[in-house]
file work12.cif (mmCIF, C-alpha atoms and all ligand atoms)
data_model
loop_
_atom_site.label_atom_id
_atom_site.label_comp_id
_atom_site.auth_asym_id
_atom_site.auth_seq_id
_atom_site.Cartn_x
_atom_site.Cartn_y
_atom_site.Cartn_z
CA MET A 1 -5.15 5.55 27.08
CA ALA A 2 -6.67 2.27 28.25
CA HIS A 3 -5.85 0.16 25.22
CA PRO A 4 -4.54 2.61 22.64
CA SER A 5 -4.81 1.85 18.94
CA ILE A 6 -2.75 3.06 16.02
CA VAL A 7 -3.73 2.83 12.35
CA ILE A 8 -0.96 3.27 9.82
CA LEU A 9 -1.37 3.80 6.07
CA THR A 10 1.66 3.40 3.84
CA GLY A 11 2.16 4.27 0.18
CA ALA A 12 4.80 3.90 -2.50
CA GLY A 13 7.08 6.43 -0.78
CA ILE A 14 7.96 3.97 2.00
CA SER A 15 9.39 1.59 -0.61
CA ALA A 16 11.18 4.28 -2.65
CA GLU A 17 14.45 3.89 -0.72
CA SER A 18 14.25 0.16 -1.38
CA GLY A 19 14.50 0.97 -5.07
CA LEU A 20 10.84 0.46 -6.03
CA GLY A 21 9.40 3.26 -8.14
CA THR A 22 6.63 5.50 -6.92
CA PHE A 23 3.74 6.48 -9.19
CA ARG A 24 3.57 10.26 -9.28
CA ASP A 25 7.09 11.42 -8.56
CA GLU A 26 9.28 12.65 -11.39
CA GLY A 27 9.68 9.75 -13.84
CA GLY A 28 7.33 7.59 -11.79
CA LEU A 29 5.32 4.64 -13.03
CA TRP A 30 2.49 6.82 -14.29
CA ALA A 31 4.96 8.79 -16.36
CA GLN A 32 6.06 5.53 -18.04
CA HIS A 33 2.66 3.86 -18.53
CA ARG A 34 -0.90 5.06 -19.01
CA ILE A 35 -3.05 4.06 -16.03
CA GLU A 36 -5.90 3.16 -18.38
CA ASP A 37 -3.63 0.72 -20.21
CA VAL A 38 -2.13 -1.18 -17.27
CA ALA A 39 -4.26 -0.53 -14.17
CA THR A 40 -7.90 -0.87 -15.25
CA PRO A 41 -10.10 -3.90 -16.06
CA GLU A 42 -10.72 -2.35 -19.49
CA GLY A 43 -6.98 -2.18 -20.14
CA PHE A 44 -6.62 -5.85 -19.16
CA ALA A 45 -9.48 -6.84 -21.46
CA ARG A 46 -7.97 -4.80 -24.31
CA ASP A 47 -4.38 -6.03 -24.01
CA PRO A 48 -3.88 -8.68 -21.31
CA GLN A 49 -0.27 -9.34 -22.37
CA LEU A 50 0.72 -5.70 -21.80
CA VAL A 51 -0.81 -5.84 -18.31
CA MET A 52 0.78 -9.20 -17.44
CA ASP A 53 4.16 -7.85 -18.60
CA PHE A 54 3.72 -4.71 -16.47
CA TYR A 55 3.03 -6.70 -13.31
CA ASN A 56 5.58 -9.41 -14.12
CA THR A 57 8.23 -6.68 -14.29
CA ARG A 58 7.08 -5.09 -11.01
CA ARG A 59 6.86 -8.54 -9.35
CA ALA A 60 10.45 -9.37 -10.34
CA GLN A 61 11.64 -5.99 -8.99
CA ALA A 62 9.68 -6.42 -5.76
CA VAL A 63 11.07 -9.92 -5.15
CA GLU A 64 14.61 -8.56 -5.48
CA ALA A 65 14.00 -5.49 -3.29
CA THR A 66 15.09 -5.30 0.34
CA GLU A 67 13.06 -3.71 3.13
CA ASN A 68 14.46 -0.49 4.59
CA ALA A 69 14.66 1.13 8.02
CA ALA A 70 11.12 2.48 7.71
CA HIS A 71 9.62 -0.97 7.16
CA ARG A 72 11.71 -2.34 10.02
CA ALA A 73 10.61 0.44 12.36
CA LEU A 74 6.94 -0.34 11.71
CA ALA A 75 7.57 -4.04 12.38
CA ARG A 76 9.20 -3.02 15.69
CA LEU A 77 6.18 -0.86 16.53
CA GLN A 78 3.82 -3.78 15.85
CA ALA A 79 5.91 -6.03 18.09
CA ASP A 80 6.58 -3.64 20.97
CA PHE A 81 3.61 -1.26 21.19
CA ASP A 82 1.36 -1.92 24.17
CA GLY A 83 -1.87 -1.59 22.21
CA ASP A 84 -3.26 -2.36 18.76
CA VAL A 85 -1.43 -1.50 15.55
CA LEU A 86 -3.21 -1.97 12.22
CA LEU A 87 -0.81 -1.68 9.29
CA VAL A 88 -2.69 -0.85 6.07
CA THR A 89 -0.71 -0.51 2.86
CA GLN A 90 -1.58 0.68 -0.64
CA ASN A 91 1.61 -1.04 -1.79
CA VAL A 92 1.57 -4.36 -3.59
CA ASP A 93 5.16 -5.28 -2.67
CA SER A 94 5.96 -7.50 0.33
CA LEU A 95 8.55 -5.29 2.01
CA HIS A 96 6.51 -4.91 5.22
CA GLU A 97 6.43 -8.70 5.53
CA LYS A 98 10.14 -8.97 4.69
CA ALA A 99 10.77 -6.56 7.61
CA GLY A 100 8.82 -8.87 9.95
CA SER A 101 5.42 -7.19 9.95
CA THR A 102 2.43 -9.50 10.29
CA ASP A 103 -1.24 -9.16 9.41
CA VAL A 104 -0.46 -6.49 6.78
CA VAL A 105 -3.67 -5.25 5.16
CA HIS A 106 -3.03 -4.91 1.41
CA MET A 107 -5.97 -2.74 0.35
CA HIS A 108 -4.80 -2.60 -3.28
CA GLY A 109 -3.89 -6.28 -3.53
CA ALA A 110 -0.44 -7.86 -3.80
CA LEU A 111 2.00 -8.87 -6.53
CA ASN A 112 2.56 -12.26 -4.86
CA SER A 113 -1.12 -13.18 -5.24
CA ALA A 114 -3.06 -14.33 -8.33
CA LEU A 115 -6.81 -14.04 -8.76
CA CYS A 116 -9.24 -15.99 -10.92
CA GLY A 117 -11.39 -13.66 -13.02
CA ALA A 118 -14.07 -16.36 -13.20
CA CYS A 119 -14.45 -17.75 -9.66
CA ASP A 120 -12.53 -15.26 -7.42
CA HIS A 121 -10.18 -17.99 -6.17
CA ARG A 122 -6.77 -16.65 -5.02
CA TRP A 123 -3.46 -18.47 -4.98
CA PRO A 124 0.24 -17.59 -4.69
CA ALA A 125 1.29 -15.96 -7.96
CA PRO A 126 4.17 -17.47 -9.95
CA LEU A 127 7.02 -15.04 -10.56
CA GLN A 128 5.89 -14.64 -14.16
CA MET A 129 2.17 -14.96 -14.90
CA GLN A 130 1.04 -15.80 -18.41
CA VAL A 131 -2.16 -14.78 -20.18
CA GLY A 132 -4.56 -17.73 -20.04
CA ASP A 133 -2.99 -19.36 -16.98
CA ALA A 134 -5.58 -21.77 -15.61
CA CYS A 135 -7.20 -21.23 -12.24
CA PRO A 136 -6.20 -24.13 -9.94
CA ALA A 137 -9.74 -24.17 -8.49
CA CYS A 138 -12.12 -23.90 -11.45
CA GLY A 139 -9.74 -24.57 -14.33
CA ALA A 140 -10.83 -21.50 -16.31
CA PRO A 141 -7.99 -19.83 -18.27
CA SER A 142 -8.68 -16.58 -16.38
CA ALA A 143 -5.78 -15.88 -14.05
CA ARG A 144 -5.09 -12.19 -13.47
CA PRO A 145 -2.87 -10.23 -11.08
CA ASP A 146 -4.57 -9.89 -7.68
CA ILE A 147 -4.28 -6.10 -7.90
CA VAL A 148 -7.13 -3.65 -7.27
CA TRP A 149 -7.38 -1.64 -10.49
CA PHE A 150 -8.93 1.78 -10.89
CA GLY A 151 -12.69 1.39 -10.85
CA GLU A 152 -12.51 -1.68 -8.59
CA MET A 153 -13.27 -1.79 -4.86
CA PRO A 154 -10.24 -1.76 -2.54
CA TYR A 155 -10.00 -4.78 -0.23
CA HIS A 156 -10.71 -4.95 3.54
CA MET A 157 -12.54 -1.63 3.71
CA ASP A 158 -14.90 -2.74 6.52
CA ARG A 159 -11.98 -3.73 8.72
CA ILE A 160 -10.06 -0.54 7.91
CA GLU A 161 -13.03 1.77 8.57
CA ALA A 162 -13.81 -0.01 11.85
CA ALA A 163 -10.20 0.47 12.99
CA LEU A 164 -10.18 4.13 11.96
CA SER A 165 -13.36 4.76 13.98
CA GLN A 166 -11.50 3.59 17.11
CA ALA A 167 -8.05 4.98 16.34
CA ASP A 168 -6.12 7.08 18.85
CA ILE A 169 -3.35 7.75 16.35
CA PHE A 170 -3.40 7.73 12.53
CA ALA A 171 -0.15 7.95 10.59
CA ALA A 172 0.15 8.25 6.81
CA ILE A 173 3.58 7.44 5.39
CA GLY A 174 4.85 7.92 1.83
CA THR A 175 1.56 8.58 0.10
CA SER A 176 0.60 11.56 -2.06
CA GLY A 177 -3.06 11.60 -1.00
CA ASN A 178 -4.25 11.45 -4.61
CA VAL A 179 -6.25 8.23 -4.52
CA TYR A 180 -9.44 7.58 -2.57
CA PRO A 181 -10.65 5.96 -0.37
CA ALA A 182 -7.13 5.86 1.18
CA ALA A 183 -6.71 9.64 0.91
CA GLY A 184 -9.87 10.07 3.01
CA PHE A 185 -8.68 7.97 5.96
CA VAL A 186 -7.25 11.03 7.72
CA GLN A 187 -10.74 12.55 7.86
CA LEU A 188 -12.28 9.38 9.32
CA ALA A 189 -9.51 9.28 11.93
CA THR A 190 -10.02 12.94 12.76
CA TYR A 191 -13.76 12.38 13.25
CA ALA A 192 -12.84 9.59 15.67
CA GLY A 193 -10.71 12.04 17.65
CA ALA A 194 -7.39 10.50 16.63
CA LYS A 195 -4.11 12.38 16.57
CA THR A 196 -2.96 12.47 12.94
CA VAL A 197 0.57 12.63 11.54
CA GLU A 198 1.93 12.64 7.98
CA MET A 199 5.45 11.45 7.21
CA ASN A 200 6.22 12.29 3.58
CA LEU A 201 9.07 13.57 1.42
CA ASP A 202 6.87 16.28 -0.10
CA PRO A 203 3.63 17.60 1.36
CA SER A 204 0.75 15.39 0.22
CA MET A 205 -2.50 16.65 -1.29
CA THR A 206 -4.07 16.22 2.15
CA VAL A 207 -1.23 17.61 4.27
CA ASN A 208 -3.45 20.37 5.69
CA LEU A 209 -5.75 17.75 7.22
CA PHE A 210 -2.98 16.39 9.46
CA GLU A 211 -2.25 17.80 12.93
CA GLU A 212 1.43 16.98 12.66
CA THR A 213 3.79 16.57 9.71
CA ARG A 214 7.25 15.06 9.77
CA PRO A 215 8.77 15.92 6.36
CA GLY A 216 11.69 13.92 5.02
CA LYS A 217 12.73 10.48 3.90
CA ALA A 218 10.83 7.63 5.50
CA SER A 219 14.04 5.83 6.47
CA GLN A 220 14.72 8.80 8.77
CA THR A 221 11.28 10.03 9.84
CA VAL A 222 9.63 6.67 10.56
CA PRO A 223 12.24 5.27 12.98
CA GLU A 224 12.24 8.64 14.79
CA TRP A 225 8.44 8.62 15.03
CA VAL A 226 8.33 4.98 16.24
CA GLU A 227 10.93 5.83 18.90
CA SER A 228 8.76 8.74 20.04
CA ILE A 229 5.74 6.44 20.32
CA LEU A 230 7.52 3.64 22.16
CA ASN A 231 9.69 5.78 24.44
CA GLY A 232 8.15 9.25 24.14
N1 LIG B 1 10.23 8.90 1.95
C1 LIG B 1 8.98 9.36 2.20
N2 LIG B 1 8.10 9.72 1.24
C2 LIG B 1 8.52 9.60 -0.04
C3 LIG B 1 9.80 9.13 -0.39
C4 LIG B 1 10.67 8.76 0.67
N3 LIG B 1 11.92 8.32 0.44
N4 LIG B 1 9.91 9.15 -1.75
C5 LIG B 1 8.73 9.60 -2.22
N5 LIG B 1 7.90 9.88 -1.21
C6 LIG B 1 6.52 10.38 -1.26
C7 LIG B 1 6.28 11.39 -2.37
O1 LIG B 1 6.50 12.70 -1.89
C8 LIG B 1 4.79 11.13 -2.70
O2 LIG B 1 3.96 12.01 -1.95
O3 LIG B 1 5.70 9.27 -1.54
C9 LIG B 1 4.54 9.71 -2.24
C10 LIG B 1 4.28 8.75 -3.39
O4 LIG B 1 3.06 9.12 -3.97
P1 LIG B 1 2.46 8.23 -5.18
O5 LIG B 1 3.55 7.97 -6.15
O6 LIG B 1 1.21 8.90 -5.62
O7 LIG B 1 2.13 6.82 -4.49
P2 LIG B 1 0.87 6.45 -3.60
O8 LIG B 1 0.39 7.64 -2.82
O9 LIG B 1 1.22 5.23 -2.84
O10 LIG B 1 -0.24 6.07 -4.72
C11 LIG B 1 -1.46 5.60 -4.23
O11 LIG B 1 -2.19 5.21 -6.49
O12 LIG B 1 -1.76 4.50 -8.59
C12 LIG B 1 -2.35 4.15 -7.41
O13 LIG B 1 -2.70 1.97 -6.67
C13 LIG B 1 -1.70 2.93 -6.83
O14 LIG B 1 -1.40 2.40 -4.50
C14 LIG B 1 -1.19 3.41 -5.48
C15 LIG B 1 -2.04 4.63 -5.21
#

call {"tool": "encode", "arguments": {"input": "work12.cif", "output": "structure tokens", "more": "lines below"}}
Ligand code: APR
result
Amino acid sequence: MAHPSIVILTGAGISAESGLGTFRDEGGLWAQHRIEDVATPEGFARDPQLVMDFYNTRRAQAVEATENAAHRALARLQADFDGDVLLVTQNVDSLHEKAGSTDVVHMHGALNSALCGACDHRWPAPLQMQVGDACPACGAPSARPDIVWFGEMPYHMDRIEAALSQADIFAAIGTSGNVYPAAGFVQLATYAGAKTVEMNLDPSMTVNLFEETRPGKASQTVPEWVESILNG
């Protein structure tokens, strides 16, 4: 391939071995909280304190968490691959960055970012956000977590779709394939003629759309896959 390009999509499963909970596994976050209460604009309007507490807890856990071999392998791929690598994550933790990845595309936002509900200004989030925190740009008491909630548009979709249309390889890692548009990326990549591979502990909802599957824990499967790409 002249200038090969790889698009990678990660989900909560890549951070599971770093101790951060997934959403839909046994006892996952959506077994502990109702999505409509903590991950929708309506839930935030109804009970902003509950939502701030939910993300403050996850932010504190994420800050303490350490990246694992899967995150490190993807950082190595970005550094050593002789082509383009676009790393897209549904995760709101910063474990890819802690592993040395750069230009990570957080399509569902990030815990370390705050957003103004009035003027769309973004700034680094404090460890604990409070209801009514003022926006440093417009002064409105309308700070909210910079997280894409259900019913809101994921970020960077133009860039992601453009990359998928040119991809030679698409890899999905640690995601259950339940949530769109991310779950549809494999189809876009397939239309573009990309080779597709899923690395997941359990088969995802979209496993049958992938040419190749590498079942298992990401800390095992991802370093093996990266090795096969760099030295295959
Ligand atoms: N290694 C690899 N995969 C794993 C591991 C592991 N150690 N542990 C769990 N998994 C897999 C599970 O088999 C599951 O398919 O990770 C997947 C996690 O799925 P979800 O909990 O649904 O997380 P995700 O797919 O990232 O959710 C997508 O849903 O709620 C929204 O915005 C939220 O970004 C999230 C989106």

call {"tool": "residues_near_ligand", "arguments": {"input": "work12.cif", "ligand": "ligand LIG 1 (chain B)", "cutoff": "7 Å", "atoms": "only C-alpha atoms and all ligand atoms", "output": "PyMOL selection string"}}
result
chain A and resi 10-14+16-17+22-25+28+90-91+108+173-179+199-204+216-219

call {"tool": "residues_around", "arguments": {"input": "work12.cif", "residues": "Ala99 in chain A", "least_positions_apart": "6", "cutoff": "9 Å", "atoms": "all atoms listed in the file", "output": "number ranges by chain"}}
result
A: 66-69, 71-76

call {"tool": "residues_around", "arguments": {"input": "work12.cif", "residues": "Val38 in chain A", "least_positions_apart": "6", "cutoff": "9 Å", "atoms": "all atoms listed in the file", "output": "list in words"}}
result
Phe44, Asp47, Pro48, Leu50, Val51, Met52, Phe54, Tyr55 and Trp149 of chain A

call {"tool": "atom_distance", "arguments": {"input": "work12.cif", "atom1": "CA of Asp37 in chain A", "atom2": "CA of Gly21 in chain A"}}
result
17.9 Å

call {"tool": "residues_around", "arguments": {"input": "work12.cif", "residues": "Asn231 in chain A", "least_positions_apart": "5", "cutoff": "12 Å", "atoms": "all atoms listed in the file", "output": "list in words"}}
result
Leu77, Asp80, Phe81, Asp82, Pro223, Glu224, Trp225 and Val226 of chain A
